[in-house]
>>> print(open('protein.cif').read())   # mmCIF, C-alpha atoms
data_my_file
#
loop_
_atom_site.label_atom_id
_atom_site.label_comp_id
_atom_site.auth_asym_id
_atom_site.auth_seq_id
_atom_site.Cartn_x
_atom_site.Cartn_y
_atom_site.Cartn_z
CA MET A 22 -13.57 -19.86 -31.88
CA TYR A 23 -12.34 -19.43 -28.33
CA LYS A 24 -8.67 -19.52 -27.61
CA ILE A 25 -6.58 -19.66 -24.47
CA ILE A 26 -4.17 -16.81 -23.96
CA GLU A 27 -1.41 -17.12 -21.42
CA VAL A 28 -1.10 -13.86 -19.50
CA LYS A 29 1.18 -14.52 -16.50
CA GLN A 30 0.96 -10.97 -15.23
CA SER A 31 0.62 -9.67 -11.69
CA VAL A 32 -2.72 -8.03 -11.05
CA PHE A 33 -0.78 -5.07 -9.66
CA GLU A 34 1.24 -4.54 -12.83
CA ASP A 35 -0.99 -1.89 -14.43
CA ASN A 36 -1.05 0.03 -11.15
CA ASN A 37 2.73 -0.18 -10.90
CA LYS A 38 2.98 1.32 -14.39
CA ASP A 39 0.64 4.18 -13.45
CA ALA A 40 2.63 4.72 -10.26
CA ASN A 41 5.96 4.99 -12.08
CA LYS A 42 4.43 7.45 -14.54
CA LEU A 43 3.14 9.62 -11.70
CA ARG A 44 6.53 9.51 -9.93
CA GLU A 45 8.16 10.80 -13.12
CA GLU A 46 5.59 13.57 -13.44
CA CYS A 47 6.20 14.61 -9.82
CA LYS A 48 9.96 14.60 -10.39
CA ASP A 49 9.58 16.77 -13.50
CA LYS A 50 7.41 19.25 -11.63
CA GLY A 51 9.59 19.22 -8.52
CA VAL A 52 6.80 17.93 -6.29
CA PHE A 53 7.64 15.53 -3.45
CA LEU A 54 4.70 13.18 -2.87
CA LEU A 55 4.54 11.73 0.64
CA ASN A 56 2.18 8.81 1.24
CA VAL A 57 1.15 8.53 4.90
CA MET A 58 -0.26 5.21 6.05
CA SER A 59 -1.35 3.74 9.38
CA SER A 60 -4.21 1.95 11.05
CA PRO A 61 -7.22 4.12 12.02
CA GLY A 62 -6.47 6.21 15.09
CA ALA A 63 -2.67 5.96 15.00
CA GLY A 64 -2.43 9.75 14.65
CA LYS A 65 -2.01 10.54 10.96
CA THR A 66 -3.93 13.82 11.05
CA THR A 67 -2.41 15.01 14.34
CA THR A 68 1.11 14.17 13.15
CA LEU A 69 0.44 16.03 9.90
CA SER A 70 -0.84 19.03 11.87
CA ARG A 71 2.40 19.18 13.90
CA THR A 72 4.44 18.75 10.71
CA LEU A 73 2.56 21.58 8.99
CA GLU A 74 3.19 23.92 11.92
CA ARG A 75 6.94 23.35 11.45
CA LEU A 76 7.13 23.42 7.65
CA LYS A 77 4.35 25.60 6.27
CA ASP A 78 6.45 28.77 6.24
CA THR A 79 9.44 27.22 4.49
CA MET A 80 7.72 25.20 1.75
CA ARG A 81 4.54 25.15 -0.30
CA ILE A 82 2.39 22.25 0.86
CA GLY A 83 -0.84 20.62 -0.32
CA ILE A 84 -2.70 17.86 1.50
CA MET A 85 -5.00 15.19 0.11
CA GLU A 86 -7.19 13.51 2.69
CA ALA A 87 -8.43 10.12 1.57
CA ASP A 88 -11.33 8.54 3.39
CA ILE A 89 -14.17 6.23 2.63
CA ASP A 90 -16.53 8.99 3.78
CA SER A 91 -16.68 12.35 5.67
CA ASP A 92 -14.45 15.39 5.50
CA VAL A 93 -13.47 15.80 9.17
CA ASP A 94 -9.74 15.40 8.44
CA ALA A 95 -9.80 17.93 5.59
CA LYS A 96 -11.52 20.43 7.90
CA THR A 97 -8.87 19.94 10.59
CA ILE A 98 -6.03 20.46 8.12
CA SER A 99 -7.62 23.42 6.31
CA GLU A 100 -7.50 25.33 9.61
CA TYR A 101 -3.75 25.66 9.00
CA GLY A 102 -4.41 27.68 5.87
CA ILE A 103 -3.03 24.88 3.73
CA ARG A 104 -4.44 23.83 0.37
CA THR A 105 -6.49 20.71 1.12
CA ILE A 106 -8.81 18.43 -0.77
CA GLN A 107 -10.87 15.51 0.43
CA LEU A 108 -10.82 12.37 -1.69
CA HIS A 109 -13.58 9.83 -1.23
CA THR A 110 -12.63 6.32 -2.22
CA GLY A 111 -16.24 5.24 -2.76
CA GLY A 112 -16.04 2.31 -0.39
CA MET A 113 -12.54 1.18 -1.35
CA CYS A 114 -10.03 0.59 1.40
CA HIS A 115 -7.05 2.16 -0.35
CA LEU A 116 -5.97 4.59 -3.05
CA ASP A 117 -4.25 3.46 -6.21
CA ALA A 118 -1.92 5.46 -8.46
CA ASP A 119 -4.65 6.60 -10.84
CA MET A 120 -6.86 7.92 -8.03
CA THR A 121 -3.83 9.69 -6.55
CA ARG A 122 -2.99 11.31 -9.89
CA GLN A 123 -6.59 12.53 -10.28
CA GLY A 124 -6.48 13.96 -6.76
CA LEU A 125 -3.18 15.72 -7.37
CA HIS A 126 -4.40 17.26 -10.61
CA GLU A 127 -7.63 18.41 -9.01
CA MET A 128 -5.78 19.95 -6.08
CA GLY A 129 -3.23 21.55 -8.43
CA MET A 130 0.40 20.50 -8.09
CA GLU A 131 2.28 22.97 -10.30
CA ASP A 132 3.29 25.33 -7.51
CA LEU A 133 3.85 22.81 -4.70
CA ASP A 134 7.05 21.56 -3.07
CA LEU A 135 5.37 18.91 -0.95
CA ALA A 136 2.11 17.04 -1.58
CA VAL A 137 0.93 14.77 1.19
CA LEU A 138 -1.48 11.91 0.70
CA GLU A 139 -3.15 10.85 3.92
CA ASN A 140 -4.16 7.35 2.89
CA VAL A 141 -7.16 5.42 4.23
CA GLY A 142 -6.53 4.10 7.75
CA ASN A 143 -5.66 0.45 7.17
CA LEU A 144 -2.44 -1.58 7.54
CA VAL A 145 -3.22 -4.11 4.81
CA CYS A 146 -4.57 -2.82 1.52
CA PRO A 147 -2.77 0.52 1.06
CA ALA A 148 0.54 -1.36 1.20
CA GLU A 149 -0.43 -3.43 -1.85
CA PHE A 150 -0.98 -0.46 -4.12
CA ASP A 151 1.91 1.80 -5.10
CA THR A 152 0.43 5.31 -5.21
CA GLY A 153 3.33 6.80 -7.16
CA SER A 154 4.64 8.46 -4.01
CA THR A 155 8.22 9.65 -3.65
CA LYS A 156 8.38 8.19 -0.13
CA ASN A 157 6.07 6.15 2.08
CA ILE A 158 5.73 6.50 5.80
CA ALA A 159 3.85 4.40 8.30
CA ILE A 160 2.76 5.64 11.69
CA LEU A 161 2.56 3.00 14.40
CA SER A 162 1.17 4.15 17.74
CA VAL A 163 2.14 2.65 21.08
CA PRO A 164 -1.34 1.34 22.05
CA GLU A 165 -1.36 -0.83 18.90
CA GLY A 166 1.51 -2.99 20.18
CA ASP A 167 5.11 -3.67 19.16
CA ASP A 168 4.17 -6.83 17.22
CA LYS A 169 2.44 -5.03 14.34
CA PRO A 170 5.49 -5.19 12.02
CA LEU A 171 5.28 -8.98 12.36
CA LYS A 172 1.57 -9.15 11.72
CA TYR A 173 1.52 -6.73 8.79
CA PRO A 174 4.96 -7.28 7.23
CA LEU A 175 4.19 -5.79 3.81
CA MET A 176 3.24 -2.39 5.25
CA PHE A 177 6.58 -2.14 7.05
CA GLN A 178 8.49 -3.45 4.02
CA VAL A 179 7.19 -0.75 1.68
CA CYS A 180 7.85 2.10 4.13
CA ASP A 181 10.88 4.37 4.01
CA VAL A 182 10.08 5.79 7.44
CA VAL A 183 8.23 4.50 10.48
CA LEU A 184 7.09 6.98 13.10
CA ILE A 185 6.46 5.33 16.46
CA ASN A 186 3.81 7.71 17.76
CA LYS A 187 2.26 8.40 21.18
CA VAL A 188 5.53 7.67 23.03
CA ASP A 189 4.15 9.73 25.94
CA VAL A 190 2.00 6.76 26.97
CA LEU A 191 4.83 4.20 26.90
CA PRO A 192 4.81 3.80 30.73
CA TYR A 193 1.24 2.51 30.57
CA PHE A 194 1.65 -0.10 27.82
CA ASP A 195 3.74 -3.25 27.39
CA PHE A 196 5.34 -1.80 24.29
CA ASP A 197 9.01 -2.71 23.85
CA VAL A 198 10.50 0.03 21.62
CA GLU A 199 13.75 -1.87 20.96
CA LYS A 200 11.89 -5.07 20.06
CA CYS A 201 9.62 -3.06 17.76
CA LYS A 202 12.60 -1.47 16.00
CA GLU A 203 14.22 -4.87 15.63
CA ASN A 204 11.01 -6.25 14.10
CA ILE A 205 10.85 -3.37 11.61
CA LEU A 206 14.53 -3.48 10.64
CA TYR A 207 14.61 -7.21 10.13
CA ARG A 208 11.90 -6.90 7.45
CA ASN A 209 13.21 -3.61 6.12
CA PRO A 210 16.86 -2.83 6.97
CA ASN A 211 16.68 0.59 5.26
CA ALA A 212 13.76 1.93 7.28
CA LYS A 213 14.32 5.17 9.20
CA ILE A 214 12.60 5.08 12.56
CA PHE A 215 11.62 8.13 14.62
CA GLU A 216 10.05 8.06 18.07
CA VAL A 217 7.52 10.88 18.26
CA CYS A 218 4.55 12.21 20.16
CA ALA A 219 2.35 14.30 17.89
CA LYS A 220 0.40 15.58 20.89
CA THR A 221 3.35 16.98 22.87
CA GLY A 222 5.61 17.62 19.85
CA GLU A 223 8.37 15.30 21.11
CA GLY A 224 10.60 14.04 18.29
CA ILE A 225 8.74 16.01 15.63
CA ASP A 226 11.76 18.24 14.90
CA ASP A 227 13.94 15.28 13.87
CA TRP A 228 11.21 13.89 11.63
CA CYS A 229 10.62 17.30 10.01
CA LYS A 230 14.34 17.78 9.41
CA TRP A 231 14.47 14.43 7.61
CA LEU A 232 11.47 15.39 5.48
CA GLU A 233 12.89 18.82 4.66
CA ASN A 234 16.18 17.30 3.49
CA GLU A 235 14.38 14.71 1.37
CA VAL A 236 12.20 17.35 -0.31
CA LYS A 237 15.31 19.42 -1.12
CA ALA A 238 17.16 16.39 -2.51
CA TRP A 239 14.16 15.42 -4.70
CA LYS A 240 14.04 18.88 -6.28
CA GLU A 241 17.73 18.89 -7.22
CA MET B 25 -12.87 -4.10 0.13
CA HIS B 26 -9.37 -4.88 -1.03
CA GLU B 27 -10.79 -7.44 -3.45
CA LEU B 28 -12.90 -4.92 -5.36
CA GLY B 29 -9.78 -2.83 -6.03
CA ILE B 30 -8.03 -5.90 -7.37
CA VAL B 31 -10.96 -6.74 -9.64
CA VAL B 32 -10.85 -3.23 -11.10
CA HIS B 33 -7.14 -3.64 -11.85
CA ILE B 34 -7.62 -7.07 -13.43
CA SER B 35 -10.30 -5.57 -15.64
CA LYS B 36 -8.01 -2.71 -16.73
CA THR B 37 -5.18 -5.13 -17.53
CA LEU B 38 -7.56 -7.28 -19.57
CA GLU B 39 -8.83 -4.30 -21.52
CA GLU B 40 -5.27 -3.46 -22.56
CA LEU B 41 -4.62 -7.09 -23.41
CA ALA B 42 -7.83 -7.25 -25.45
CA GLN B 43 -6.79 -4.26 -27.52
CA GLU B 44 -3.39 -5.75 -28.25
CA ASN B 45 -4.84 -9.15 -29.20
CA ASN B 46 -8.05 -8.08 -30.91
CA ILE B 47 -10.29 -9.73 -28.34
CA THR B 48 -13.89 -8.71 -27.75
CA ASP B 49 -15.37 -11.40 -25.54
CA ILE B 50 -13.64 -13.03 -22.57
CA ARG B 51 -15.26 -16.19 -21.25
CA ARG B 52 -12.89 -17.27 -18.49
CA VAL B 53 -10.18 -15.64 -16.43
CA THR B 54 -7.90 -17.83 -14.35
CA LEU B 55 -5.86 -16.38 -11.51
CA GLN B 56 -3.08 -17.80 -9.40
CA ILE B 57 -3.37 -16.67 -5.81
CA GLY B 58 -0.72 -17.12 -3.13
CA LYS B 59 -2.00 -18.72 0.06
CA VAL B 60 -0.67 -15.87 2.19
CA SER B 61 -1.43 -13.05 -0.23
CA GLY B 62 -4.20 -11.85 2.07
CA ILE B 63 -6.68 -12.15 -0.77
CA VAL B 64 -9.95 -13.97 -0.10
CA PRO B 65 -10.87 -15.68 -3.40
CA GLU B 66 -14.56 -16.03 -2.51
CA TYR B 67 -14.78 -12.25 -2.10
CA LEU B 68 -12.87 -11.79 -5.32
CA VAL B 69 -15.40 -13.95 -7.19
CA ASP B 70 -18.30 -12.03 -5.61
CA CYS B 71 -16.73 -8.71 -6.62
CA TRP B 72 -16.19 -10.09 -10.11
CA LYS B 73 -19.90 -10.94 -10.44
CA TYR B 74 -20.76 -7.39 -9.42
CA TYR B 75 -18.14 -5.57 -11.47
CA LYS B 76 -18.24 -7.55 -14.73
CA LYS B 77 -21.70 -6.15 -15.54
CA LYS B 78 -20.08 -2.76 -15.98
CA VAL B 79 -17.50 -3.94 -18.53
CA PRO B 80 -18.77 -5.46 -21.84
CA LEU B 81 -15.46 -7.26 -22.45
CA ILE B 82 -15.86 -9.44 -19.35
CA GLU B 83 -19.60 -9.51 -18.80
CA ASN B 84 -19.88 -13.15 -19.96
CA SER B 85 -16.83 -14.34 -18.07
CA THR B 86 -16.28 -16.46 -15.00
CA LEU B 87 -13.40 -15.94 -12.63
CA GLU B 88 -11.50 -19.03 -11.58
CA TYR B 89 -8.41 -19.44 -9.41
CA GLU B 90 -5.62 -21.81 -8.50
CA TRP B 91 -3.62 -21.64 -5.29
CA ILE B 92 0.11 -21.01 -5.06
CA GLU B 93 1.56 -22.77 -2.00
CA ALA B 94 3.21 -20.57 0.62
CA ILE B 95 6.85 -21.50 1.23
CA THR B 96 9.26 -19.84 3.65
CA ILE B 97 13.07 -20.00 3.62
CA CYS B 98 15.05 -19.93 6.86
CA ASP B 99 17.98 -17.48 6.77
CA GLU B 100 19.83 -19.47 9.46
CA CYS B 101 19.66 -23.12 8.31
CA GLU B 102 18.59 -22.36 4.71
CA LYS B 103 15.86 -25.01 4.73
CA THR B 104 12.41 -24.34 3.30
CA TYR B 105 9.09 -25.16 4.95
CA ASP B 106 5.32 -24.75 4.64
CA THR B 107 4.43 -21.23 5.82
CA ILE B 108 0.80 -22.03 6.63
CA GLN B 109 1.75 -24.91 8.90
CA TYR B 110 4.70 -23.37 10.74
CA GLY B 111 4.36 -19.61 10.38
CA ARG B 112 7.37 -17.40 10.97
CA GLU B 113 9.43 -19.73 13.13
CA CYS B 114 11.61 -22.30 11.34
CA PRO B 115 10.48 -25.80 12.40
CA TYR B 116 14.05 -27.15 11.98
CA CYS B 117 16.23 -24.70 13.89
CA LYS B 118 13.58 -22.54 15.63
CA SER B 119 15.03 -19.35 14.14
CA GLU B 120 12.71 -16.40 13.55
CA HIS B 121 14.99 -15.10 10.79
CA THR B 122 12.86 -16.40 7.98
CA VAL B 123 11.72 -14.93 4.67
CA LEU B 124 8.69 -15.76 2.55
CA PHE B 125 9.88 -17.34 -0.71
CA GLN B 126 6.52 -17.63 -2.46
CA GLY B 127 2.83 -17.44 -1.66
CA ASN B 128 2.31 -13.70 -1.76
CA GLU B 129 1.41 -13.51 -5.45
CA CYS B 130 -1.72 -12.65 -7.33
CA LEU B 131 -1.25 -13.36 -11.03
CA ILE B 132 -3.50 -13.49 -14.02
CA LYS B 133 -2.52 -16.91 -15.36
CA GLU B 134 -4.58 -17.15 -18.55
CA ILE B 135 -7.82 -16.18 -20.21
CA GLU B 136 -10.16 -17.89 -22.62
CA ALA B 137 -11.48 -15.46 -25.17
CA GLU B 138 -12.69 -14.74 -28.66
#
>>> encode(input="protein.cif", output="structure tokens")
Amino acid sequence: MYKIIEVKQSVFEDNNKDANKLREECKDKGVFLLNVMSSPGAGKTTTLSRTLERLKDTMRIGIMEADIDSDVDAKTISEYGIRTIQLHTGGMCHLDADMTRQGLHEMGMEDLDLAVLENVGNLVCPAEFDTGSTKNIAILSVPEGDDKPLKYPLMFQVCDVVLINKVDVLPYFDFDVEKCKENILYRNPNAKIFEVCAKTGEGIDDWCKWLENEVKAWKE
Amino acid sequence: MHELGIVVHISKTLEELAQENNITDIRRVTLQIGKVSGIVPEYLVDCWKYYKKKVPLIENSTLEYEWIEAITICDECEKTYDTIQYGRECPYCKSEHTVLFQGNECLIKEIEAE
């Protein structure tokens, strides 16, 4: 006898539960989990490299590189002498909370202050899945255009911080920084926005100071 | 493949639900999908056909869906309008200060099961 069961549940609900559980575990262990998202080529790995140079002597850091394939990013990061693991998503365009937890456990999180998840380069899917991170950041690079917060609103809504990267090439692009900030803040009034250039190091100090303060606050 | 990830999560939710309700065989799963959720239902159905073979609970099931209309509210004039037709700009007062009211959802509405 077949029966109809009313479910009325979001398909993301089980992931949200996993994510909240992981956030609690991180809080208990004093680990700040930073989820870094952007489109491919916006400068996630280069920005992380600059951030590591600033912070690696003052806190214990581990990096998880998530990609559909290859380990080029993990190789780049491991050159800084930082604990790194490469996660392969097996064709999926994002990481969910359960995959993130597995990655963290495999990497070892007990003795870390800061764990960074470099998510798959994509402005759509990673925003849908809460990874259990303490904070989310999005990196938007100047060549991508100032209209991206309008086209991919969810990504900019779920982010605590937006780094506008590659500001050294602003003179060559029709990128209106003020308009871009307005677009971000209208969707997400609490977003912190930093203008940076990972290549030259411009603005990286302010971003790192913010991150350092947040990590300290999380551990209290 | 965003849709494959969603299928995996639906399957996990259903497995929990099956345990709670003593269900062993699901024949139909009906979703409600918002028109601006960014989900492509045809892909979702294709992913379902692929993934259900791995999970005994849903291997005999079909995936069906209903649409949820996308409606936007204007912050300036407080009127609502069809998001698909007019996009971000309010057709009444031309304001860009608008917020999506519904149409972003992906819900499991009901299942038919034994």
>>> interface_residues(input="protein.cif", of="chain A", to="chain B", cutoff="8 Å", atoms="only C-alpha atoms", output="ChimeraX atom specification")
/A:22-36,112-115,146,207
>>> residues_around(input="protein.cif", residues="Glu216 of chain A", least_positions_apart="3", cutoff="12 Å", atoms="only C-alpha atoms", output="PyMOL selection string")
chain A and resi 68+160-163+182-189+191+198-199+201-202+213+219+222-228
>>> axis_aligned_box(input="protein.cif", around="segment 62-65 of chain B", padding_each_side="6 Å", output="AutoDock Vina command-line options")
--center_x -7.5 --center_y -13.8 --center_z -0.7 --size_x 18.7 --size_y 15.8 --size_z 17.5
>>> resolve_selection(input="protein.cif", expression="the PyMOL selection byres ((chain A and resi 54) around 10)", output="PyMOL selection string")
chain A and resi 43-44+47-48+51-53+55-57+83-84+121+125+130+133-138+152-157+236+239
>>> residues_around(input="protein.cif", residues="Tyr173 of chain A", least_positions_apart="3", cutoff="8 Å", atoms="all atoms listed in the file", output="PyMOL selection string")
chain A and resi 144-145+169-170+176-177
>>> atom_distance(input="protein.cif", atom1="atom CA of Cys180 of chain A", atom2="atom CA of Asn209 of chain A")
8.1 Å
>>> atom_distance(input="protein.cif", atom1="atom CA of Trp72 of chain B", atom2="atom CA of Glu88 of chain B")
10.2 Å
>>> residues_around(input="protein.cif", residues="Leu124 of chain B", least_positions_apart="4", cutoff="10 Å", atoms="all atoms listed in the file", output="PyMOL selection string")
chain B and resi 60+94-98+104-107+111-112+128
>>> residues_around(input="protein.cif", residues="Cys117 of chain B", least_positions_apart="4", cutoff="9 Å", atoms="all atoms listed in the file", output="list in words")
Cys98, Glu100, Cys101 and Glu113 of chain B
>>> closest_residue(input="protein.cif", among="A:Asp168, A:Glu139, A:Glu203, A:Asp197", to="Asp88 of chain A", atoms="only C-alpha atoms")
A:Glu139
>>> residues_near_point(input="protein.cif", point="(-9.6, 18.6, -1.0)", cutoff="10 Å", atoms="all atoms listed in the file", output="ChimeraX atom specification")
/A:83-87,92,94-96,98-99,104-109,124-125,127-128
>>> atom_distance(input="protein.cif", atom1="atom CA of Glu66 of chain B", atom2="atom CA of Leu87 of chain B")
10.2 Å
>>> closest_residue(input="protein.cif", among="B:Ala42, B:Ile92, B:Val69, B:Val64", to="Gly127 of chain B", atoms="only C-alpha atoms")
B:Ile92
>>> residues_around(input="protein.cif", residues="Phe196 of chain A", least_positions_apart="6", cutoff="8 Å", atoms="all atoms listed in the file", output="MDAnalysis selection string")
chainID A and resid 163:164 166:167
